[in-house]
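Chemist: Supplied structure: data_14.txt, compact mmCIF, C-alpha atoms (C1' of nucleotides).
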# COMPACT_ATOMS: atom_id res chain seq x y z
CA MET V 193 0.00 0.00 0.00
CA SER V 194 2.82 2.41 0.81
CA PHE V 195 5.32 3.50 -1.77
CA GLU V 196 7.44 5.32 0.75
CA THR V 197 11.11 4.51 0.65
CA THR V 198 13.00 3.86 3.86
CA THR V 199 14.53 7.29 3.58
CA ASP V 200 11.08 8.85 3.29
CA LYS V 201 9.99 7.12 6.44
CA VAL V 202 13.00 8.25 8.36
CA THR V 203 12.52 11.77 7.11
CA ASN V 204 8.87 11.73 8.08
CA ARG V 205 9.67 10.45 11.51
CA PHE V 206 12.18 13.25 11.96
CA ARG V 207 9.64 15.78 10.90
CA ASP V 208 7.11 14.28 13.25
CA ASP V 209 9.53 14.51 16.15
CA GLU V 210 10.17 18.10 15.26
CA LEU V 211 6.47 18.82 15.24
CA ARG V 212 6.17 17.24 18.68
CA GLY V 213 8.99 19.55 19.76
CA VAL V 214 7.14 22.60 18.49
CA GLU V 215 3.96 21.49 20.21
CA LYS V 216 5.81 21.05 23.46
CA CYS V 217 7.37 24.50 23.25
CA ILE V 218 4.04 26.08 22.51
CA ARG V 219 2.42 24.40 25.46
CA ARG V 220 5.26 25.47 27.74
CA ILE V 221 4.90 29.02 26.48
CA VAL V 222 1.14 29.05 26.89
CA ARG V 223 1.38 27.70 30.38
CA ALA V 224 4.18 30.03 31.42
CA ASN V 225 2.05 32.86 30.10
CA ASP V 226 -0.88 31.75 32.22
CA VAL V 227 1.18 31.30 35.36
CA GLN V 228 2.85 34.68 34.89
CA SER V 229 -0.54 36.29 34.43
CA ARG V 230 -1.74 34.88 37.73
CA ALA V 231 1.41 36.07 39.47
CA LEU V 232 0.82 39.52 38.04
CA ALA V 233 -2.75 39.49 39.33
CA LYS V 234 -1.49 38.79 42.83
CA GLN V 235 1.12 41.48 42.55
CA ILE V 236 -0.88 44.41 41.18
CA GLY V 237 -4.43 43.15 40.92
CA LEU V 238 -4.42 43.02 37.13
CA THR V 239 -3.93 39.98 34.94
CA ALA V 240 -1.62 40.18 31.95
CA PRO V 241 -4.38 40.81 29.42
CA GLN V 242 -5.83 43.51 31.64
CA LEU V 243 -2.46 45.21 32.00
CA ILE V 244 -1.77 44.89 28.29
CA THR V 245 -5.13 46.45 27.54
CA LEU V 246 -4.45 49.33 29.89
CA LYS V 247 -1.06 49.90 28.29
CA ALA V 248 -2.59 49.80 24.82
CA ILE V 249 -5.15 52.41 25.81
CA ALA V 250 -2.35 54.57 27.17
CA ALA V 251 -0.45 54.19 23.92
CA LEU V 252 -3.40 54.69 21.57
CA GLY V 253 -5.29 57.43 23.38
CA GLU V 254 -9.06 57.48 22.97
CA VAL V 255 -9.61 54.23 21.20
CA THR V 256 -12.54 52.20 19.95
CA THR V 257 -13.23 48.66 21.06
CA THR V 258 -12.61 47.16 17.63
CA VAL V 259 -9.27 48.89 17.16
CA LEU V 260 -8.23 47.85 20.61
CA SER V 261 -9.25 44.29 19.89
CA ALA V 262 -7.09 44.15 16.78
CA HIS V 263 -4.15 45.75 18.54
CA ILE V 264 -3.95 43.40 21.47
CA ASP V 265 -5.06 40.26 19.65
CA LEU V 266 -8.07 39.43 21.74
CA SER V 267 -11.62 38.91 20.50
CA ALA V 268 -13.99 41.85 20.83
CA ALA V 269 -16.02 39.95 23.40
CA THR V 270 -12.93 39.40 25.53
CA VAL V 271 -11.94 43.05 25.28
CA ILE V 272 -15.38 44.06 26.48
CA THR V 273 -15.09 41.77 29.48
CA ILE V 274 -11.76 43.34 30.31
CA LEU V 275 -13.03 46.89 29.79
CA ASP V 276 -16.05 46.21 32.00
CA ASN V 277 -13.65 45.17 34.69
CA LEU V 278 -11.26 48.08 34.23
CA GLU V 279 -14.14 50.54 34.13
CA ALA V 280 -15.65 49.12 37.31
CA ARG V 281 -12.35 49.86 39.00
CA GLN V 282 -12.32 53.33 37.48
CA LEU V 283 -9.08 52.75 35.63
CA VAL V 284 -10.72 53.63 32.31
CA GLU V 285 -13.78 55.55 31.09
CA ARG V 286 -16.03 54.78 28.13
CA TYR V 287 -18.39 56.98 26.17
CA ARG V 288 -20.26 56.72 22.89
CA SER V 289 -19.06 58.67 19.90
CA ARG V 290 -21.29 61.61 18.96
CA ASN V 291 -20.61 61.13 15.22
CA ASP V 292 -21.41 57.44 15.10
CA ARG V 293 -23.41 56.24 18.02
CA ARG V 294 -22.44 52.63 17.46
CA VAL V 295 -18.84 53.21 18.43
CA VAL V 296 -17.58 53.42 21.96
CA HIS V 297 -14.35 55.17 22.91
CA THR V 298 -12.25 54.25 25.87
CA ARG V 299 -9.71 56.42 27.65
CA LEU V 300 -7.52 56.21 30.69
CA THR V 301 -8.54 57.84 33.96
CA PRO V 302 -5.90 59.49 36.14
CA GLU V 303 -6.04 56.42 38.37
CA GLY V 304 -5.35 54.19 35.38
CA ALA V 305 -2.43 56.34 34.31
CA ALA V 306 -1.07 56.34 37.85
CA LEU V 307 -1.28 52.58 38.07
CA LEU V 308 0.70 52.25 34.86
CA THR V 309 3.62 54.20 36.27
CA ARG V 310 4.17 51.54 38.90
CA ALA V 311 3.22 48.50 36.81
CA PRO V 312 5.74 45.77 36.08
CA GLU V 313 6.25 44.17 32.69
CA PRO V 314 3.23 42.11 31.54
CA MET V 315 5.46 39.14 30.79
CA GLY V 316 7.27 39.58 34.07
CA ASP V 317 10.28 41.62 35.02
CA ALA V 318 12.38 38.47 35.14
CA PHE V 319 11.66 37.68 31.52
CA ALA V 320 12.25 41.29 30.49
CA ARG V 321 15.64 41.22 32.19
CA ARG V 322 16.66 37.96 30.60
CA PHE V 323 15.58 39.19 27.22
CA ALA V 324 17.37 42.52 27.58
CA ASP V 325 20.55 40.70 28.50
CA LEU V 326 20.69 38.98 25.14
CA SER V 327 22.74 40.42 22.32
CA PRO V 328 20.87 42.66 19.86
CA GLU V 329 21.42 40.05 17.15
CA ARG V 330 19.98 37.32 19.30
CA ARG V 331 16.98 39.42 20.23
CA SER V 332 16.01 40.15 16.67
CA GLN V 333 16.64 36.55 15.73
CA LEU V 334 14.19 35.41 18.38
CA ILE V 335 11.60 37.99 17.42
CA LEU V 336 11.81 36.98 13.78
CA ALA V 337 11.40 33.33 14.70
CA LEU V 338 8.43 34.04 16.97
CA THR V 339 6.81 36.14 14.29
CA ALA V 340 7.28 33.38 11.74
CA ILE V 341 5.65 30.86 14.08
CA ALA V 342 2.77 33.19 14.85
CA ASP V 343 2.26 33.79 11.13
CA MET V 344 2.15 30.07 10.47
CA MET V 345 -0.30 29.50 13.31
CA ALA V 346 -2.59 32.44 12.55
CA PRO V 347 -2.24 33.08 8.86
CA GLY V 348 -3.93 36.08 7.36
CA GLU V 349 -3.84 38.08 10.56
CA GLY V 350 -0.12 38.26 10.35
CA PRO V 351 2.02 41.15 9.25
CA PRO V 352 0.69 44.55 8.11
CA LYS V 353 0.01 42.97 4.71
CA ASP V 354 2.00 43.69 1.58
CA THR V 355 -1.17 44.07 -0.45
CA LEU V 356 -2.39 47.30 1.05
CA PRO V 357 -3.62 50.28 -0.98
CA HIS V 358 -0.59 51.49 -2.89
CA MET J 144 17.49 62.57 38.59
CA SER J 145 18.39 60.49 35.58
CA PHE J 146 21.97 59.95 34.55
CA GLU J 147 21.05 58.18 31.35
CA THR J 148 22.80 59.39 28.26
CA THR J 149 20.87 60.04 25.08
CA THR J 150 22.27 56.82 23.67
CA ASP J 151 21.04 54.90 26.72
CA LYS J 152 17.57 56.27 26.25
CA VAL J 153 17.48 55.34 22.59
CA THR J 154 18.79 51.88 23.39
CA ASN J 155 16.20 51.42 26.11
CA ARG J 156 13.41 52.51 23.84
CA PHE J 157 14.58 50.02 21.24
CA ARG J 158 14.60 47.27 23.79
CA ASP J 159 11.16 48.28 24.98
CA ASP J 160 9.81 48.12 21.44
CA GLU J 161 11.35 44.71 21.06
CA LEU J 162 9.71 43.54 24.24
CA ARG J 163 6.36 44.80 22.97
CA GLY J 164 7.04 42.79 19.81
CA VAL J 165 7.67 39.65 21.80
CA GLU J 166 4.52 40.23 23.83
CA LYS J 167 2.51 40.66 20.68
CA CYS J 168 3.86 37.44 19.17
CA ILE J 169 3.14 35.53 22.33
CA ARG J 170 -0.42 36.77 22.41
CA ARG J 171 -0.92 35.90 18.77
CA ILE J 172 0.45 32.44 19.42
CA VAL J 173 -1.68 31.91 22.51
CA ARG J 174 -4.80 33.01 20.70
CA ALA J 175 -4.08 30.97 17.57
CA ASN J 176 -3.58 28.01 19.86
CA ASP J 177 -6.94 28.56 21.49
CA VAL J 178 -8.76 29.05 18.20
CA GLN J 179 -7.15 25.96 16.72
CA SER J 180 -8.15 23.96 19.77
CA ARG J 181 -11.78 24.97 19.33
CA ALA J 182 -11.67 24.07 15.64
CA LEU J 183 -10.27 20.68 16.59
CA ALA J 184 -13.08 20.18 19.08
CA LYS J 185 -15.63 20.78 16.35
CA GLN J 186 -13.81 18.46 14.02
CA ILE J 187 -13.21 15.39 16.21
CA GLY J 188 -14.83 16.23 19.53
CA LEU J 189 -11.53 16.63 21.35
CA THR J 190 -9.75 19.88 22.24
CA ALA J 191 -6.04 20.17 21.63
CA PRO J 192 -5.05 19.38 25.23
CA GLN J 193 -7.35 16.36 25.21
CA LEU J 194 -5.85 15.08 21.96
CA ILE J 195 -2.34 15.76 23.17
CA THR J 196 -3.08 13.86 26.35
CA LEU J 197 -4.44 10.93 24.40
CA LYS J 198 -1.37 10.89 22.17
CA ALA J 199 0.91 11.05 25.18
CA ILE J 200 -0.84 8.07 26.74
CA ALA J 201 -0.44 6.19 23.47
CA ALA J 202 3.26 7.03 23.41
CA LEU J 203 3.98 6.34 27.07
CA GLY J 204 1.84 3.26 27.63
CA GLU J 205 0.43 2.77 31.10
CA VAL J 206 1.30 6.04 32.69
CA THR J 207 0.76 7.77 36.01
CA THR J 208 -0.97 11.11 36.35
CA THR J 209 2.13 12.90 37.59
CA VAL J 210 4.33 11.65 34.76
CA LEU J 211 1.68 12.58 32.27
CA SER J 212 1.37 16.02 33.79
CA ALA J 213 5.10 16.66 33.42
CA HIS J 214 5.14 15.34 29.88
CA ILE J 215 2.38 17.47 28.50
CA ASP J 216 3.04 20.57 30.59
CA LEU J 217 -0.29 20.85 32.29
CA SER J 218 -0.95 21.01 36.01
CA ALA J 219 -1.98 17.76 37.67
CA ALA J 220 -5.41 19.21 38.35
CA THR J 221 -5.89 19.98 34.69
CA VAL J 222 -4.74 16.54 33.65
CA ILE J 223 -7.28 14.98 35.99
CA THR J 224 -10.06 17.07 34.49
CA ILE J 225 -9.01 15.89 31.06
CA LEU J 226 -8.70 12.25 32.13
CA ASP J 227 -12.15 12.37 33.75
CA ASN J 228 -13.49 13.53 30.43
CA LEU J 229 -11.61 10.97 28.34
CA GLU J 230 -12.57 8.18 30.72
CA ALA J 231 -16.24 9.17 30.60
CA ARG J 232 -16.07 8.74 26.85
CA GLN J 233 -14.30 5.42 27.29
CA LEU J 234 -11.23 6.54 25.40
CA VAL J 235 -8.99 5.69 28.36
CA GLU J 236 -9.13 3.51 31.48
CA ARG J 237 -7.70 4.19 34.91
CA TYR J 238 -6.83 1.86 37.73
CA ARG J 239 -4.88 2.06 40.95
CA SER J 240 -1.46 0.49 41.18
CA ARG J 241 -1.31 -2.63 43.33
CA ASN J 242 2.21 -1.84 44.55
CA ASP J 243 1.50 1.70 45.62
CA ARG J 244 -2.14 2.45 46.08
CA ARG J 245 -1.63 6.18 45.81
CA VAL J 246 -0.73 6.03 42.16
CA VAL J 247 -3.20 5.75 39.34
CA HIS J 248 -2.30 4.36 35.93
CA THR J 249 -4.02 5.34 32.74
CA ARG J 250 -4.11 3.39 29.51
CA LEU J 251 -5.75 3.66 26.14
CA THR J 252 -8.89 1.68 25.34
CA PRO J 253 -9.34 0.21 21.85
CA GLU J 254 -11.73 3.08 21.13
CA GLY J 255 -9.07 5.58 22.16
CA ALA J 256 -6.49 3.91 19.97
CA ALA J 257 -8.92 3.82 17.06
CA LEU J 258 -9.69 7.50 17.43
CA LEU J 259 -5.99 8.31 17.28
CA THR J 260 -5.58 6.64 13.91
CA ARG J 261 -7.92 9.16 12.33
CA ALA J 262 -6.94 12.18 14.42
CA PRO J 263 -5.45 15.27 12.79
CA GLU J 264 -2.46 17.16 14.10
CA PRO J 265 -3.14 18.89 17.44
CA MET J 266 -1.80 22.16 16.09
CA GLY J 267 -3.73 21.73 12.88
CA ASP J 268 -2.87 20.01 9.64
CA ALA J 269 -2.37 23.38 7.98
CA PHE J 270 0.34 24.34 10.44
CA ALA J 271 1.97 20.92 10.16
CA ARG J 272 2.11 21.27 6.37
CA ARG J 273 3.57 24.76 6.51
CA PHE J 274 6.16 23.64 9.00
CA ALA J 275 7.10 20.54 7.02
CA ASP J 276 7.58 22.69 3.93
CA LEU J 277 10.36 24.64 5.59
CA SER J 278 13.97 23.69 5.06
CA PRO J 279 15.49 21.43 7.72
CA GLU J 280 17.80 24.26 8.75
CA ARG J 281 14.92 26.63 9.14
CA ARG J 282 12.93 24.10 11.15
CA SER J 283 15.66 23.51 13.68
CA GLN J 284 16.33 27.24 13.85
CA LEU J 285 12.71 27.87 14.79
CA ILE J 286 12.64 25.06 17.32
CA LEU J 287 15.79 26.35 18.96
CA ALA J 288 14.32 29.83 19.16
CA LEU J 289 11.03 28.61 20.59
CA THR J 290 12.87 26.52 23.15
CA ALA J 291 14.94 29.51 24.18
CA ILE J 292 11.83 31.62 24.65
CA ALA J 293 10.08 28.89 26.62
CA ASP J 294 13.16 28.52 28.83
CA MET J 295 13.21 32.23 29.52
CA MET J 296 9.51 32.28 30.33
CA ALA J 297 9.45 29.15 32.46
CA PRO J 298 12.92 28.82 33.90
CA GLY J 299 13.79 25.74 35.87
CA GLU J 300 11.28 23.55 34.09
CA GLY J 301 13.24 23.82 30.93
CA PRO J 302 15.57 21.28 29.38
CA PRO J 303 16.38 17.83 30.83
CA LYS J 304 18.83 19.57 33.15
CA ASP J 305 22.59 19.33 32.81
CA THR J 306 22.98 18.78 36.53
CA LEU J 307 21.52 15.32 36.73
CA PRO J 308 23.09 12.37 38.58
CA HIS J 309 26.24 11.58 36.63
C1' DG T 170 6.49 0.66 66.33
C1' DT T 171 4.56 5.20 66.32
C1' DA T 172 4.78 10.00 64.67
C1' DT T 173 6.15 13.13 61.14
C1' DT T 174 6.89 14.22 56.51
C1' DT T 175 6.42 13.48 51.76
C1' DT T 176 4.01 12.02 47.70
C1' DA T 177 -0.11 11.05 44.47
C1' DG T 178 -4.18 12.27 43.50
C1' DT T 179 -8.57 14.81 43.90
C1' DT T 180 -12.01 18.52 44.61
C1' DA T 181 -13.50 23.34 44.99
C1' DT T 182 -13.05 27.61 43.20
C1' DA T 183 -12.34 31.49 40.41
C1' DG T 184 -10.69 33.59 36.25
C1' DT T 185 -9.85 33.97 31.09
C1' DT T 186 -11.31 33.20 26.58
C1' DA T 187 -13.74 32.48 22.15
C1' DT T 188 -18.08 31.51 19.48
C1' DA T 189 -22.72 32.37 18.55
C1' DA T 190 -26.75 34.88 18.83
C1' DC T 191 -28.58 39.39 19.43
C1' DT T 192 -29.38 44.74 19.41
C1' DA T 193 -28.57 49.23 17.70
C1' DT T 194 -26.90 52.15 14.24
C1' DT T 195 -25.22 53.49 9.82
C1' DA T 196 -24.35 52.97 4.83
C1' DG T 197 -25.86 51.47 0.39
C1' DA T 198 -29.19 50.05 -3.27
C1' DT T 199 -33.34 50.59 -5.94
C1' DA P 176 -37.61 57.27 0.77
C1' DT P 177 -37.48 52.67 2.12
C1' DC P 178 -35.38 48.24 2.35
C1' DT P 179 -31.26 45.59 2.76
C1' DA P 180 -26.75 44.81 4.16
C1' DA P 181 -22.87 45.79 6.91
C1' DT P 182 -20.75 47.42 11.21
C1' DA P 183 -19.96 48.18 16.45
C1' DG P 184 -20.89 46.51 20.36
C1' DT P 185 -22.96 43.44 23.81
C1' DT P 186 -24.67 39.26 26.20
C1' DA P 187 -25.04 34.29 26.98
C1' DT P 188 -22.72 30.26 27.03
C1' DA P 189 -19.40 26.77 27.48
C1' DA P 190 -14.69 25.22 27.89
C1' DC P 191 -9.90 25.21 29.82
C1' DT P 192 -6.78 26.26 33.36
C1' DA P 193 -4.20 27.00 37.62
C1' DT P 194 -4.02 27.58 42.74
C1' DA P 195 -5.25 26.18 47.15
C1' DA P 196 -7.09 23.14 50.29
C1' DC P 197 -7.82 18.43 51.19
C1' DT P 198 -7.55 13.00 51.47
C1' DA P 199 -5.14 8.83 51.34
C1' DA P 200 -1.06 6.22 51.29
C1' DA P 201 3.79 5.41 51.79
C1' DA P 202 8.45 6.55 53.46
C1' DT P 203 11.37 8.26 57.04
C1' DA P 204 12.80 9.45 61.70
C1' DC P 205 13.19 8.56 66.36
What's the structure tokens form of this structure?
Modeler:
Amino acid sequence: MSFETTTDKVTNRFRDDELRGVEKCIRRIVRANDVQSRALAKQIGLTAPQLITLKAIAALGEVTTTVLSAHIDLSAATVITILDNLEARQLVERYRSRNDRRVVHTRLTPEGAALLTRAPEPMGDAFARRFADLSPERRSQLILALTAIADMMAPGEGPPKDTLPH
Amino acid sequence: MSFETTTDKVTNRFRDDELRGVEKCIRRIVRANDVQSRALAKQIGLTAPQLITLKAIAALGEVTTTVLSAHIDLSAATVITILDNLEARQLVERYRSRNDRRVVHTRLTPEGAALLTRAPEPMGDAFARRFADLSPERRSQLILALTAIADMMAPGEGPPKDTLPH
DNA sequence: GTATTTTAGTTATAGTTATAACTATTAGAT
DNA sequence: ATCTAATAGTTATAACTATAACTAAAATAC
């Protein structure tokens, strides 16, 4: 039934092992992410996604839910859950646009801005330190590799697109 | 108050941008992972962690919960939730060890084994194809990079340890 | 040999997340 | 002008996950 040569089989097995290796790394990364987020929540009362959202709002200014969602790579529904939470703690404010009453803008409150000044890194200060200690070449190498993996896992949502209006 | 030179500031800003880039990749990866897992659940009725667990049991034979937990990088509590689910569907069986009645072994049922023969890749067949299409050099480059990131994010649980009994 | 500590597993709990279904509003077509 | 389609946001739902507290069993100390 199979017309594979021995070499094919060996090659396939290698590739399979490699795929298992990738899977394992991804699961370690996902879990580390989760654990770090919980540690962050204990430390400052915000989980990683919450902190990332707050930082994104600080960076983007008065921002709509959809734009925010695209920027931080969370579904709109998730962003709303997070914003509900942040608003309840008065770290952000929301209001409907007067031009288009479907859209909702979010902005930082003074409390939110103040919290950001004393917030640690979302991925953890330890990770940030380790990463900063790498050589510039190594850092960009890792970022390129991560980006390539992310692009392969979530195609289409990847880079800024090379087929934009020209 | 600050004794940073202009060059320091520029360097720090670069590093900060890089860190944001890493964060963004990680979030894209985590989300793609989640989305893929849900797609898998629709396709074969098992989420990615469930399928990975099943595959690990197939690979390891009769395996204890703790060993399984370490192998697939999920907390023991999570593994138990998954095993409860798989056992309820009769894909695996569990039984207590006779030697040590604390430990519980898990093994595949024929149904579980049968399901595995027609199961797709946990990370998605599309990803597996894209990855397999890369050059061998590129593949190992990416794996090395992912491993490095995982090690930085979850230190101590990393590689097999170079300080084992010699 | 009994008491303490360690180990394996389990349960309870609380939080994050995405999908799907829904509402409200605006833009577009005829 | 009205009817349809698209867009922004929201809500309901269901699943996964880790931590913490707990039980049971075995190993170790004295």
Chemist: Go ahead and align chain J to chain V (same sequence, so just pair every C-alpha in order, least squares) and export the moved chain as a CSV table (one decimal) with C-alpha atoms, keeping the file's coordinate frame.
Modeler:
chain,number,residue,atom,x,y,z
J,144,MET,CA,0.0,-0.1,0.1
J,145,SER,CA,2.8,2.3,0.9
J,146,PHE,CA,5.4,3.4,-1.7
J,147,GLU,CA,7.5,5.2,0.8
J,148,THR,CA,11.2,4.5,0.7
J,149,THR,CA,13.1,3.8,3.9
J,150,THR,CA,14.6,7.3,3.6
J,151,ASP,CA,11.1,8.8,3.3
J,152,LYS,CA,10.1,7.1,6.5
J,153,VAL,CA,13.1,8.2,8.4
J,154,THR,CA,12.6,11.8,7.1
J,155,ASN,CA,8.9,11.7,8.1
J,156,ARG,CA,9.7,10.4,11.5
J,157,PHE,CA,12.2,13.2,12.0
J,158,ARG,CA,9.7,15.8,10.9
J,159,ASP,CA,7.1,14.3,13.3
J,160,ASP,CA,9.5,14.5,16.2
J,161,GLU,CA,10.2,18.1,15.3
J,162,LEU,CA,6.5,18.8,15.2
J,163,ARG,CA,6.2,17.3,18.7
J,164,GLY,CA,9.0,19.6,19.8
J,165,VAL,CA,7.2,22.6,18.5
J,166,GLU,CA,4.0,21.5,20.2
J,167,LYS,CA,5.8,21.0,23.4
J,168,CYS,CA,7.4,24.5,23.2
J,169,ILE,CA,4.0,26.1,22.5
J,170,ARG,CA,2.4,24.4,25.4
J,171,ARG,CA,5.3,25.5,27.7
J,172,ILE,CA,4.9,29.0,26.5
J,173,VAL,CA,1.1,29.0,26.9
J,174,ARG,CA,1.4,27.7,30.4
J,175,ALA,CA,4.2,30.0,31.4
J,176,ASN,CA,2.1,32.9,30.1
J,177,ASP,CA,-0.9,31.8,32.2
J,178,VAL,CA,1.2,31.3,35.3
J,179,GLN,CA,2.8,34.7,34.9
J,180,SER,CA,-0.5,36.3,34.4
J,181,ARG,CA,-1.7,34.9,37.7
J,182,ALA,CA,1.4,36.1,39.5
J,183,LEU,CA,0.8,39.5,38.0
J,184,ALA,CA,-2.7,39.5,39.3
J,185,LYS,CA,-1.5,38.8,42.8
J,186,GLN,CA,1.1,41.5,42.5
J,187,ILE,CA,-0.9,44.4,41.2
J,188,GLY,CA,-4.5,43.1,40.9
J,189,LEU,CA,-4.4,43.0,37.1
J,190,THR,CA,-4.0,39.9,34.9
J,191,ALA,CA,-1.6,40.2,31.9
J,192,PRO,CA,-4.4,40.8,29.4
J,193,GLN,CA,-5.9,43.5,31.6
J,194,LEU,CA,-2.5,45.2,32.0
J,195,ILE,CA,-1.8,44.9,28.3
J,196,THR,CA,-5.1,46.4,27.5
J,197,LEU,CA,-4.5,49.3,29.9
J,198,LYS,CA,-1.1,49.9,28.3
J,199,ALA,CA,-2.6,49.8,24.8
J,200,ILE,CA,-5.2,52.4,25.8
J,201,ALA,CA,-2.4,54.6,27.2
J,202,ALA,CA,-0.4,54.2,23.9
J,203,LEU,CA,-3.4,54.7,21.6
J,204,GLY,CA,-5.3,57.4,23.4
J,205,GLU,CA,-9.0,57.5,23.0
J,206,VAL,CA,-9.6,54.2,21.2
J,207,THR,CA,-12.5,52.2,20.0
J,208,THR,CA,-13.2,48.7,21.1
J,209,THR,CA,-12.6,47.2,17.6
J,210,VAL,CA,-9.3,48.9,17.2
J,211,LEU,CA,-8.2,47.8,20.6
J,212,SER,CA,-9.3,44.3,19.9
J,213,ALA,CA,-7.1,44.2,16.8
J,214,HIS,CA,-4.2,45.7,18.6
J,215,ILE,CA,-4.0,43.4,21.5
J,216,ASP,CA,-5.1,40.2,19.7
J,217,LEU,CA,-8.1,39.4,21.7
J,218,SER,CA,-11.7,38.9,20.5
J,219,ALA,CA,-14.0,41.9,20.8
J,220,ALA,CA,-16.0,39.9,23.4
J,221,THR,CA,-13.0,39.4,25.5
J,222,VAL,CA,-12.0,43.0,25.3
J,223,ILE,CA,-15.4,44.1,26.5
J,224,THR,CA,-15.1,41.8,29.5
J,225,ILE,CA,-11.8,43.3,30.3
J,226,LEU,CA,-13.1,46.9,29.8
J,227,ASP,CA,-16.1,46.2,32.0
J,228,ASN,CA,-13.7,45.1,34.7
J,229,LEU,CA,-11.3,48.1,34.2
J,230,GLU,CA,-14.2,50.5,34.1
J,231,ALA,CA,-15.7,49.1,37.3
J,232,ARG,CA,-12.4,49.8,39.0
J,233,GLN,CA,-12.3,53.3,37.5
J,234,LEU,CA,-9.1,52.7,35.7
J,235,VAL,CA,-10.7,53.6,32.3
J,236,GLU,CA,-13.8,55.5,31.1
J,237,ARG,CA,-16.0,54.8,28.1
J,238,TYR,CA,-18.4,57.0,26.2
J,239,ARG,CA,-20.2,56.8,22.9
J,240,SER,CA,-19.0,58.7,19.9
J,241,ARG,CA,-21.2,61.7,19.0
J,242,ASN,CA,-20.5,61.3,15.3
J,243,ASP,CA,-21.3,57.6,15.1
J,244,ARG,CA,-23.3,56.4,18.0
J,245,ARG,CA,-22.4,52.7,17.4
J,246,VAL,CA,-18.8,53.3,18.4
J,247,VAL,CA,-17.6,53.5,22.0
J,248,HIS,CA,-14.3,55.2,22.9
J,249,THR,CA,-12.2,54.3,25.9
J,250,ARG,CA,-9.7,56.4,27.7
J,251,LEU,CA,-7.5,56.2,30.7
J,252,THR,CA,-8.6,57.8,34.0
J,253,PRO,CA,-5.9,59.5,36.2
J,254,GLU,CA,-6.0,56.4,38.4
J,255,GLY,CA,-5.4,54.2,35.4
J,256,ALA,CA,-2.5,56.3,34.3
J,257,ALA,CA,-1.1,56.3,37.9
J,258,LEU,CA,-1.3,52.6,38.1
J,259,LEU,CA,0.7,52.2,34.9
J,260,THR,CA,3.6,54.2,36.3
J,261,ARG,CA,4.2,51.5,38.9
J,262,ALA,CA,3.2,48.5,36.8
J,263,PRO,CA,5.7,45.8,36.1
J,264,GLU,CA,6.2,44.2,32.7
J,265,PRO,CA,3.2,42.1,31.5
J,266,MET,CA,5.4,39.1,30.8
J,267,GLY,CA,7.3,39.6,34.1
J,268,ASP,CA,10.3,41.6,35.0
J,269,ALA,CA,12.4,38.5,35.1
J,270,PHE,CA,11.7,37.7,31.5
J,271,ALA,CA,12.2,41.3,30.5
J,272,ARG,CA,15.7,41.2,32.1
J,273,ARG,CA,16.7,38.0,30.5
J,274,PHE,CA,15.6,39.2,27.2
J,275,ALA,CA,17.4,42.5,27.5
J,276,ASP,CA,20.6,40.7,28.4
J,277,LEU,CA,20.7,39.0,25.1
J,278,SER,CA,22.7,40.4,22.3
J,279,PRO,CA,20.8,42.7,19.8
J,280,GLU,CA,21.4,40.1,17.1
J,281,ARG,CA,20.0,37.3,19.2
J,282,ARG,CA,17.0,39.4,20.2
J,283,SER,CA,16.0,40.2,16.6
J,284,GLN,CA,16.6,36.6,15.7
J,285,LEU,CA,14.2,35.4,18.3
J,286,ILE,CA,11.6,38.0,17.4
J,287,LEU,CA,11.8,37.0,13.7
J,288,ALA,CA,11.4,33.3,14.7
J,289,LEU,CA,8.4,34.0,16.9
J,290,THR,CA,6.8,36.1,14.3
J,291,ALA,CA,7.2,33.4,11.7
J,292,ILE,CA,5.6,30.9,14.1
J,293,ALA,CA,2.7,33.2,14.8
J,294,ASP,CA,2.2,33.8,11.1
J,295,MET,CA,2.1,30.1,10.5
J,296,MET,CA,-0.3,29.5,13.3
J,297,ALA,CA,-2.6,32.4,12.5
J,298,PRO,CA,-2.3,33.1,8.8
J,299,GLY,CA,-4.0,36.1,7.4
J,300,GLU,CA,-3.9,38.1,10.6
J,301,GLY,CA,-0.2,38.3,10.4
J,302,PRO,CA,2.0,41.2,9.3
J,303,PRO,CA,0.7,44.6,8.1
J,304,LYS,CA,0.0,43.0,4.7
J,305,ASP,CA,2.1,43.7,1.6
J,306,THR,CA,-1.1,44.1,-0.5
J,307,LEU,CA,-2.4,47.3,1.0
J,308,PRO,CA,-3.6,50.3,-1.1
J,309,HIS,CA,-0.5,51.6,-2.8
Chemist: If you count all atoms listed in the file, which residues fall within 10 Å of DA190 (chain P), apart from same-chain ones fewer than 5 positions away, as a PyMOL selection string?
Modeler: (chain J and resi 181+190) or (chain T and resi 186-187)
Chemist: Could you write out as a list in words the residues of chain V within 7 Å of chain J, counting only C-alpha atoms?
Modeler: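 Every residue meeting the condition is included here: Arg207, Val214, Cys217, Arg219, Arg220, Ile221, Val222, Ala224, Asp265, Phe319, Arg322, Ala324, Leu334, Ile335, Ala337, Leu338, Thr339, Ala342, Met344, Met345 and Ala346 of chain V.
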Chemist: Env of DT203 (chain P): 9 Å cut, atoms = only C-alpha atoms (C1' of nucleotides), seq-sep filter 2 positions within chain, self excluded. Answer as a PyMOL selection string.
Modeler: chain T and resi 173-175
Chemist: By how many Å are C1' of DA181 (chain T) and C1' of DA196 (chain P) apart?
Modeler: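 According to the coordinates, C1' of DA181 (chain T) and C1' of DA196 (chain P) are separated by 8.3 Å.
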